[in-house]
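With TSV, N, CA and C atoms inside, this is start.tsv:
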chain	number	residue	atom	x	y	z
A	171	MET	N	62.08	23.48	-13.74
A	171	MET	CA	63.02	22.57	-14.38
A	171	MET	C	63.02	22.81	-15.88
A	172	SER	N	64.14	22.55	-16.48
A	172	SER	CA	64.32	22.76	-17.91
A	172	SER	C	63.43	21.83	-18.73
A	173	ASP	N	63.08	22.29	-19.92
A	173	ASP	CA	62.28	21.45	-20.82
A	173	ASP	C	63.18	20.65	-21.76
A	174	SER	N	64.45	20.51	-21.42
A	174	SER	CA	65.40	19.82	-22.27
A	174	SER	C	65.14	18.32	-22.30
A	175	PRO	N	65.08	17.72	-23.51
A	175	PRO	CA	64.93	16.27	-23.60
A	175	PRO	C	66.22	15.55	-23.23
A	176	LEU	N	67.28	16.33	-23.02
A	176	LEU	CA	68.57	15.73	-22.70
A	176	LEU	C	68.69	15.43	-21.22
A	177	ILE	N	67.86	16.07	-20.41
A	177	ILE	CA	67.97	15.91	-18.97
A	177	ILE	C	67.00	14.82	-18.52
A	178	VAL	N	67.56	13.82	-17.88
A	178	VAL	CA	66.77	12.69	-17.45
A	178	VAL	C	66.30	12.88	-16.02
A	179	THR	N	67.19	13.36	-15.18
A	179	THR	CA	66.87	13.48	-13.77
A	179	THR	C	67.69	14.59	-13.15
A	180	THR	N	67.21	15.13	-12.05
A	180	THR	CA	68.00	16.08	-11.29
A	180	THR	C	68.47	15.43	-10.00
A	181	HIS	N	68.18	14.14	-9.82
A	181	HIS	CA	68.62	13.42	-8.64
A	181	HIS	C	70.06	12.98	-8.83
A	182	HIS	N	70.73	12.75	-7.74
A	182	HIS	CA	72.13	12.34	-7.79
A	182	HIS	C	72.17	10.83	-7.59
A	183	ASN	N	72.17	10.11	-8.71
A	183	ASN	CA	72.05	8.66	-8.67
A	183	ASN	C	73.37	7.91	-8.68
A	184	THR	N	74.44	8.57	-9.03
A	184	THR	CA	75.71	7.87	-9.15
A	184	THR	C	76.80	8.59	-8.37
A	185	PRO	N	77.83	7.86	-7.97
A	185	PRO	CA	78.96	8.52	-7.32
A	185	PRO	C	79.68	9.48	-8.26
A	186	LEU	N	79.50	9.29	-9.58
A	186	LEU	CA	80.17	10.16	-10.55
A	186	LEU	C	79.43	11.48	-10.76
A	187	ASP	N	78.32	11.66	-10.11
A	187	ASP	CA	77.49	12.85	-10.29
A	187	ASP	C	77.98	14.00	-9.41
A	188	TRP	N	79.27	14.14	-9.27
A	188	TRP	CA	79.84	15.16	-8.39
A	188	TRP	C	79.61	16.57	-8.91
A	189	PHE	N	79.66	16.76	-10.22
A	189	PHE	CA	79.54	18.10	-10.77
A	189	PHE	C	78.17	18.68	-10.48
A	190	SER	N	77.13	17.91	-10.74
A	190	SER	CA	75.77	18.39	-10.49
A	190	SER	C	75.51	18.61	-9.01
A	191	THR	N	76.22	17.89	-8.17
A	191	THR	CA	76.05	18.05	-6.73
A	191	THR	C	76.36	19.48	-6.30
A	192	PHE	N	77.38	20.06	-6.92
A	192	PHE	CA	77.81	21.40	-6.53
A	192	PHE	C	77.20	22.50	-7.38
A	193	MET	N	76.42	22.12	-8.37
A	193	MET	CA	75.80	23.11	-9.25
A	193	MET	C	74.38	23.38	-8.78
A	194	PRO	N	74.07	24.62	-8.42
A	194	PRO	CA	72.70	24.93	-7.99
A	194	PRO	C	71.69	24.61	-9.11
A	195	GLN	N	70.51	24.19	-8.70
A	195	GLN	CA	69.47	23.80	-9.66
A	195	GLN	C	69.16	24.91	-10.65
A	196	LYS	N	69.11	26.16	-10.20
A	196	LYS	CA	68.80	27.27	-11.11
A	196	LYS	C	69.88	27.41	-12.19
A	197	LEU	N	71.14	27.21	-11.80
A	197	LEU	CA	72.22	27.29	-12.79
A	197	LEU	C	72.14	26.11	-13.76
A	198	ARG	N	71.85	24.92	-13.23
A	198	ARG	CA	71.68	23.75	-14.09
A	198	ARG	C	70.57	23.97	-15.10
A	199	ASP	N	69.44	24.51	-14.63
A	199	ASP	CA	68.31	24.79	-15.53
A	199	ASP	C	68.70	25.83	-16.58
A	200	TRP	N	69.45	26.86	-16.17
A	200	TRP	CA	69.89	27.90	-17.10
A	200	TRP	C	70.82	27.31	-18.16
A	201	MET	N	71.75	26.45	-17.74
A	201	MET	CA	72.68	25.82	-18.68
A	201	MET	C	71.95	24.89	-19.65
A	202	ASN	N	70.90	24.25	-19.20
A	202	ASN	CA	70.17	23.29	-20.02
A	202	ASN	C	69.13	23.95	-20.93
A	203	ALA	N	68.88	25.23	-20.74
A	203	ALA	CA	67.90	25.94	-21.57
A	203	ALA	C	68.39	26.00	-23.01
A	204	PHE	N	67.47	25.87	-23.92
A	204	PHE	CA	67.82	25.86	-25.34
A	204	PHE	C	68.15	27.26	-25.86
A	205	ILE	N	69.18	27.32	-26.67
A	205	ILE	CA	69.48	28.52	-27.44
A	205	ILE	C	68.84	28.33	-28.82
A	206	ILE	N	68.98	27.12	-29.35
A	206	ILE	CA	68.33	26.74	-30.61
A	206	ILE	C	67.60	25.44	-30.37
A	207	LYS	N	66.34	25.43	-30.74
A	207	LYS	CA	65.52	24.23	-30.58
A	207	LYS	C	64.78	24.01	-31.88
A	208	ALA	N	65.46	23.36	-32.83
A	208	ALA	CA	64.88	23.09	-34.13
A	208	ALA	C	65.07	21.60	-34.38
A	209	ASN	N	64.04	20.84	-34.12
A	209	ASN	CA	64.12	19.39	-34.21
A	209	ASN	C	64.81	18.96	-35.50
A	210	PRO	N	65.82	18.17	-35.48
A	210	PRO	CA	66.37	17.42	-34.36
A	210	PRO	C	67.55	18.09	-33.66
A	211	VAL	N	67.81	19.38	-33.97
A	211	VAL	CA	68.96	20.07	-33.39
A	211	VAL	C	68.54	20.80	-32.12
A	212	PHE	N	69.22	20.46	-31.03
A	212	PHE	CA	68.98	21.11	-29.75
A	212	PHE	C	70.33	21.64	-29.28
A	213	ILE	N	70.46	22.96	-29.22
A	213	ILE	CA	71.71	23.55	-28.73
A	213	ILE	C	71.38	24.30	-27.45
A	214	ASN	N	72.06	23.89	-26.38
A	214	ASN	CA	71.90	24.58	-25.11
A	214	ASN	C	73.22	25.25	-24.75
A	215	ARG	N	73.26	25.86	-23.58
A	215	ARG	CA	74.45	26.62	-23.19
A	215	ARG	C	75.66	25.73	-22.92
A	216	TRP	N	75.45	24.44	-22.71
A	216	TRP	CA	76.57	23.53	-22.52
A	216	TRP	C	77.45	23.50	-23.76
A	217	ALA	N	76.90	23.79	-24.92
A	217	ALA	CA	77.70	23.79	-26.15
A	217	ALA	C	78.87	24.77	-26.03
A	218	PHE	N	78.66	25.88	-25.34
A	218	PHE	CA	79.72	26.86	-25.19
A	218	PHE	C	80.81	26.40	-24.22
A	219	ILE	N	80.43	25.53	-23.28
A	219	ILE	CA	81.44	24.91	-22.41
A	219	ILE	C	82.33	24.01	-23.26
A	220	HIS	N	81.74	23.30	-24.21
A	220	HIS	CA	82.52	22.45	-25.11
A	220	HIS	C	83.40	23.31	-26.03
A	221	LEU	N	82.90	24.44	-26.48
A	221	LEU	CA	83.69	25.37	-27.29
A	221	LEU	C	84.92	25.83	-26.51
A	222	ILE	N	84.72	26.24	-25.27
A	222	ILE	CA	85.82	26.69	-24.42
A	222	ILE	C	86.79	25.54	-24.16
A	223	SER	N	86.27	24.34	-23.95
A	223	SER	CA	87.13	23.17	-23.75
A	223	SER	C	88.01	22.93	-24.97
A	224	GLY	N	87.43	23.06	-26.15
A	224	GLY	CA	88.20	22.90	-27.38
A	224	GLY	C	89.29	23.95	-27.50
A	225	ILE	N	88.99	25.18	-27.11
A	225	ILE	CA	89.99	26.25	-27.11
A	225	ILE	C	91.13	25.90	-26.17
A	226	LEU	N	90.79	25.45	-24.97
A	226	LEU	CA	91.82	25.11	-23.98
A	226	LEU	C	92.69	23.95	-24.45
A	227	VAL	N	92.07	22.93	-24.99
A	227	VAL	CA	92.84	21.78	-25.49
A	227	VAL	C	93.72	22.23	-26.66
A	228	GLY	N	93.20	23.09	-27.52
A	228	GLY	CA	93.95	23.59	-28.66
A	228	GLY	C	95.18	24.39	-28.27
A	229	LEU	N	95.17	24.95	-27.08
A	229	LEU	CA	96.34	25.69	-26.60
A	229	LEU	C	97.49	24.76	-26.23
A	230	PHE	N	97.17	23.50	-25.91
A	230	PHE	CA	98.18	22.58	-25.40
A	230	PHE	C	98.54	21.44	-26.36
A	231	MET	N	97.77	21.28	-27.41
A	231	MET	CA	98.11	20.24	-28.39
A	231	MET	C	97.68	20.70	-29.77
A	232	ASP	N	98.35	20.16	-30.78
A	232	ASP	CA	98.01	20.55	-32.14
A	232	ASP	C	97.55	19.38	-33.01
A	233	ASN	N	97.37	18.23	-32.42
A	233	ASN	CA	96.94	17.06	-33.16
A	233	ASN	C	95.41	16.96	-33.10
A	234	TRP	N	94.76	17.30	-34.20
A	234	TRP	CA	93.30	17.35	-34.20
A	234	TRP	C	92.67	15.97	-33.99
A	235	LEU	N	93.33	14.93	-34.48
A	235	LEU	CA	92.78	13.59	-34.34
A	235	LEU	C	92.79	13.14	-32.88
A	236	VAL	N	93.88	13.40	-32.17
A	236	VAL	CA	93.95	13.07	-30.74
A	236	VAL	C	92.89	13.87	-29.98
A	237	ALA	N	92.76	15.16	-30.32
A	237	ALA	CA	91.75	15.99	-29.67
A	237	ALA	C	90.34	15.44	-29.89
A	238	LEU	N	90.06	15.02	-31.11
A	238	LEU	CA	88.75	14.44	-31.44
A	238	LEU	C	88.52	13.14	-30.67
A	239	VAL	N	89.53	12.28	-30.61
A	239	VAL	CA	89.40	11.02	-29.88
A	239	VAL	C	89.17	11.28	-28.40
A	240	LEU	N	89.91	12.23	-27.82
A	240	LEU	CA	89.72	12.56	-26.41
A	240	LEU	C	88.28	13.00	-26.13
A	241	HIS	N	87.76	13.86	-26.99
A	241	HIS	CA	86.39	14.35	-26.77
A	241	HIS	C	85.37	13.24	-26.99
A	242	THR	N	85.60	12.40	-27.97
A	242	THR	CA	84.69	11.28	-28.24
A	242	THR	C	84.66	10.33	-27.04
A	243	VAL	N	85.82	10.04	-26.48
A	243	VAL	CA	85.89	9.20	-25.28
A	243	VAL	C	85.11	9.85	-24.14
A	244	TYR	N	85.27	11.17	-23.99
A	244	TYR	CA	84.52	11.88	-22.95
A	244	TYR	C	83.02	11.76	-23.19
A	245	GLU	N	82.58	11.95	-24.42
A	245	GLU	CA	81.14	11.86	-24.72
A	245	GLU	C	80.60	10.46	-24.44
A	246	ILE	N	81.38	9.45	-24.76
A	246	ILE	CA	80.96	8.07	-24.46
A	246	ILE	C	80.88	7.86	-22.96
A	247	TRP	N	81.87	8.35	-22.24
A	247	TRP	CA	81.84	8.24	-20.76
A	247	TRP	C	80.63	8.99	-20.21
A	248	GLU	N	80.39	10.19	-20.71
A	248	GLU	CA	79.26	10.99	-20.22
A	248	GLU	C	77.95	10.24	-20.40
A	249	TRP	N	77.79	9.61	-21.56
A	249	TRP	CA	76.56	8.85	-21.80
A	249	TRP	C	76.49	7.61	-20.92
A	250	ALA	N	77.60	6.90	-20.79
A	250	ALA	CA	77.59	5.62	-20.10
A	250	ALA	C	77.57	5.74	-18.58
A	251	ALA	N	78.28	6.71	-18.03
A	251	ALA	CA	78.42	6.73	-16.57
A	251	ALA	C	78.50	8.12	-15.98
A	252	GLY	N	78.33	9.13	-16.79
A	252	GLY	CA	78.52	10.49	-16.31
A	252	GLY	C	77.36	11.00	-15.48
A	253	PRO	N	77.47	12.26	-15.06
A	253	PRO	CA	76.46	12.87	-14.19
A	253	PRO	C	75.04	12.77	-14.73
A	254	GLY	N	74.19	12.09	-14.01
A	254	GLY	CA	72.78	11.99	-14.36
A	254	GLY	C	72.47	11.11	-15.55
A	255	TYR	N	73.44	10.35	-16.05
A	255	TYR	CA	73.25	9.59	-17.28
A	255	TYR	C	73.17	8.09	-17.06
A	256	MET	N	73.55	7.61	-15.88
A	256	MET	CA	73.64	6.17	-15.63
A	256	MET	C	72.32	5.48	-15.98
A	257	GLY	N	72.40	4.49	-16.80
A	257	GLY	CA	71.22	3.72	-17.17
A	257	GLY	C	70.37	4.39	-18.23
A	258	ARG	N	70.85	5.48	-18.79
A	258	ARG	CA	70.08	6.21	-19.79
A	258	ARG	C	70.14	5.50	-21.13
A	259	THR	N	69.03	5.46	-21.81
A	259	THR	CA	68.96	4.82	-23.12
A	259	THR	C	69.64	5.71	-24.15
A	260	LEU	N	70.42	5.09	-25.02
A	260	LEU	CA	71.05	5.82	-26.11
A	260	LEU	C	69.99	6.10	-27.16
A	261	THR	N	69.59	7.34	-27.28
A	261	THR	CA	68.55	7.73	-28.21
A	261	THR	C	69.11	8.66	-29.28
A	262	LYS	N	68.30	8.94	-30.26
A	262	LYS	CA	68.68	9.86	-31.33
A	262	LYS	C	69.04	11.23	-30.74
A	263	VAL	N	68.28	11.70	-29.76
A	263	VAL	CA	68.53	13.00	-29.14
A	263	VAL	C	69.88	13.02	-28.44
A	264	VAL	N	70.22	11.94	-27.74
A	264	VAL	CA	71.50	11.85	-27.04
A	264	VAL	C	72.65	11.86	-28.05
A	265	ILE	N	72.49	11.12	-29.14
A	265	ILE	CA	73.54	11.07	-30.17
A	265	ILE	C	73.71	12.45	-30.81
A	266	ILE	N	72.62	13.09	-31.15
A	266	ILE	CA	72.69	14.42	-31.75
A	266	ILE	C	73.34	15.40	-30.78
A	267	ASP	N	72.99	15.33	-29.51
A	267	ASP	CA	73.61	16.19	-28.50
A	267	ASP	C	75.13	15.98	-28.47
A	268	SER	N	75.56	14.73	-28.50
A	268	SER	CA	76.99	14.43	-28.48
A	268	SER	C	77.69	14.96	-29.73
A	269	VAL	N	77.04	14.82	-30.87
A	269	VAL	CA	77.62	15.33	-32.12
A	269	VAL	C	77.74	16.85	-32.07
A	270	ILE	N	76.70	17.52	-31.61
A	270	ILE	CA	76.73	18.98	-31.51
A	270	ILE	C	77.82	19.42	-30.54
A	271	ASP	N	77.91	18.76	-29.39
A	271	ASP	CA	78.96	19.09	-28.42
A	271	ASP	C	80.34	18.92	-29.05
A	272	THR	N	80.52	17.86	-29.83
A	272	THR	CA	81.80	17.59	-30.48
A	272	THR	C	82.11	18.64	-31.54
A	273	VAL	N	81.11	19.06	-32.28
A	273	VAL	CA	81.30	20.10	-33.30
A	273	VAL	C	81.77	21.39	-32.62
A	274	PHE	N	81.10	21.80	-31.54
A	274	PHE	CA	81.50	23.01	-30.83
A	274	PHE	C	82.92	22.89	-30.29
A	275	TYR	N	83.25	21.73	-29.73
A	275	TYR	CA	84.58	21.46	-29.21
A	275	TYR	C	85.63	21.60	-30.32
A	276	MET	N	85.38	20.98	-31.45
A	276	MET	CA	86.35	21.02	-32.55
A	276	MET	C	86.45	22.42	-33.16
A	277	VAL	N	85.36	23.16	-33.19
A	277	VAL	CA	85.43	24.56	-33.66
A	277	VAL	C	86.37	25.35	-32.76
A	278	GLY	N	86.22	25.18	-31.44
A	278	GLY	CA	87.12	25.85	-30.50
A	278	GLY	C	88.56	25.44	-30.74
A	279	PHE	N	88.78	24.15	-30.93
A	279	PHE	CA	90.12	23.63	-31.17
A	279	PHE	C	90.72	24.27	-32.43
A	280	PHE	N	89.95	24.26	-33.54
A	280	PHE	CA	90.48	24.78	-34.81
A	280	PHE	C	90.65	26.29	-34.80
A	281	VAL	N	89.83	27.02	-34.07
A	281	VAL	CA	90.01	28.47	-33.95
A	281	VAL	C	91.39	28.76	-33.37
A	282	VAL	N	91.76	28.05	-32.32
A	282	VAL	CA	93.08	28.24	-31.70
A	282	VAL	C	94.18	27.84	-32.68
A	283	GLN	N	93.99	26.73	-33.39
A	283	GLN	CA	95.02	26.28	-34.33
A	283	GLN	C	95.23	27.30	-35.46
A	284	VAL	N	94.16	27.84	-35.98
A	284	VAL	CA	94.26	28.85	-37.04
A	284	VAL	C	94.95	30.10	-36.49
A	285	PHE	N	94.55	30.52	-35.30
A	285	PHE	CA	95.16	31.70	-34.69
A	285	PHE	C	96.66	31.48	-34.47
A	286	MET	N	97.04	30.32	-33.95
A	286	MET	CA	98.44	30.03	-33.69
A	286	MET	C	99.25	29.94	-34.99
A	287	CYS	N	98.65	29.38	-36.02
A	287	CYS	CA	99.31	29.31	-37.33
A	287	CYS	C	99.51	30.71	-37.90
A	288	PHE	N	98.47	31.53	-37.80
A	288	PHE	CA	98.54	32.92	-38.27
A	288	PHE	C	99.61	33.68	-37.50
A	289	LYS	N	99.63	33.51	-36.19
A	289	LYS	CA	100.61	34.18	-35.34
A	289	LYS	C	102.04	33.75	-35.70
A	290	LYS	N	102.23	32.46	-35.92
A	290	LYS	CA	103.54	31.92	-36.30
A	290	LYS	C	103.99	32.48	-37.65
A	291	ASN	N	103.06	32.54	-38.61
A	291	ASN	CA	103.39	33.05	-39.95
A	291	ASN	C	103.73	34.53	-39.92
A	292	THR	N	103.04	35.31	-39.11
A	292	THR	CA	103.33	36.76	-39.05
A	292	THR	C	104.64	37.03	-38.32
A	293	GLN	N	105.02	36.16	-37.39
A	293	GLN	CA	106.30	36.32	-36.69
A	293	GLN	C	107.47	35.96	-37.60
A	294	ASN	N	107.24	35.03	-38.53
A	294	ASN	CA	108.31	34.60	-39.45
A	294	ASN	C	108.48	35.56	-40.64
A	295	SER	N	107.55	36.49	-40.81
A	295	SER	CA	107.63	37.41	-41.96
A	295	SER	C	108.55	38.57	-41.68
Would you write out, as structure tokens, the structure that this file holds?
Amino acid sequence: MSDSPLIVTTHHNTPLDWFSTFMPQKLRDWMNAFIIKANPVFINRWAFIHLISGILVGLFMDNWLVALVLHTVYEIWEWAAGPGYMGRTLTKVVIIDSVIDTVFYMVGFFVVQVFMCFKKNTQNS
């Protein structure tokens, strides 16, 4: 099992824990492994899923504030009722994890926006 302080349980305690149900334990452990572990910053492979999510959202919308609100709502849901999180105490580690996930998401979003702006400007030249 991963040494991540973000993982509370590998049991399926909630009906919303559908994602982990279909994810093999070895893959879950691999995703939860740290890439950077420098207290208080913990970056695991899930950060790259958030980066990709930001890229995908950036392809379909250009309003950064709406994108940020959508991701913030997701992070709140994940903490409150998401896979493996039900009943979990809101700690400094959980908050930092959510902030890091949001930063990766917004970086993905802005990369697409910059690329699309650059592409639009070069087409107009």
Original post:
Please, what distance in Å, to one decimal, runs between atom CA of Phe204 of chain A and atom N of Ala250 of chain A?
Top reply: 21.8 Å
Original post:
Which residues, written as number ranges by chain, have at least one atom at most 8 Å from Phe274 of chain A, with all atoms listed in the file counted and residues fewer than 5 positions away on the same chain left out?
Top reply: A: 217-225, 268-269, 279-280
Subject >> One-decimal distance in Å that lies between atom CA of Thr272 of chain A and atom N of Val243 of chain A >> reply: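 Value for the atom N of Val243 of chain A-atom CA of Thr272 of chain A distance: 9.4 Å.
With atom CA of Asn233 of chain A on one side and atom CA of Val211 of chain A on the other, the separation reads 28.1 Å.
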Subject >> Minimum-distance residue to Arg215 of chain A, chosen among A:Gln195, A:Leu229, A:Val281, A:Trp200 (using all atoms listed in the file) >> reply: A:Trp200
**OP:** Skip Trp216 of chain A itself and residues of its chain fewer than 6 positions away, then list as a PyMOL selection string all residues within 8 Å of it, counting only N, CA and C atoms.
**Re:** chain A and resi 200-203+205+222+270-271
**OP:** Choose the residue, out of A:Asp267, A:Pro194, A:Leu235, A:Ile246, that has the smallest atom-to-atom separation from Lys207 of chain A; count only C-alpha atoms.
**Re:**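 Closest to Lys207 of chain A of all the choices is A:Asp267.
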**OP:** Just list the residues in segment 220-294 of chain A DSSP gives alpha helix (DSSP H) on the backbone, as a ChimeraX atom specification.
**Re:** /A:220-230,234-251,262-294
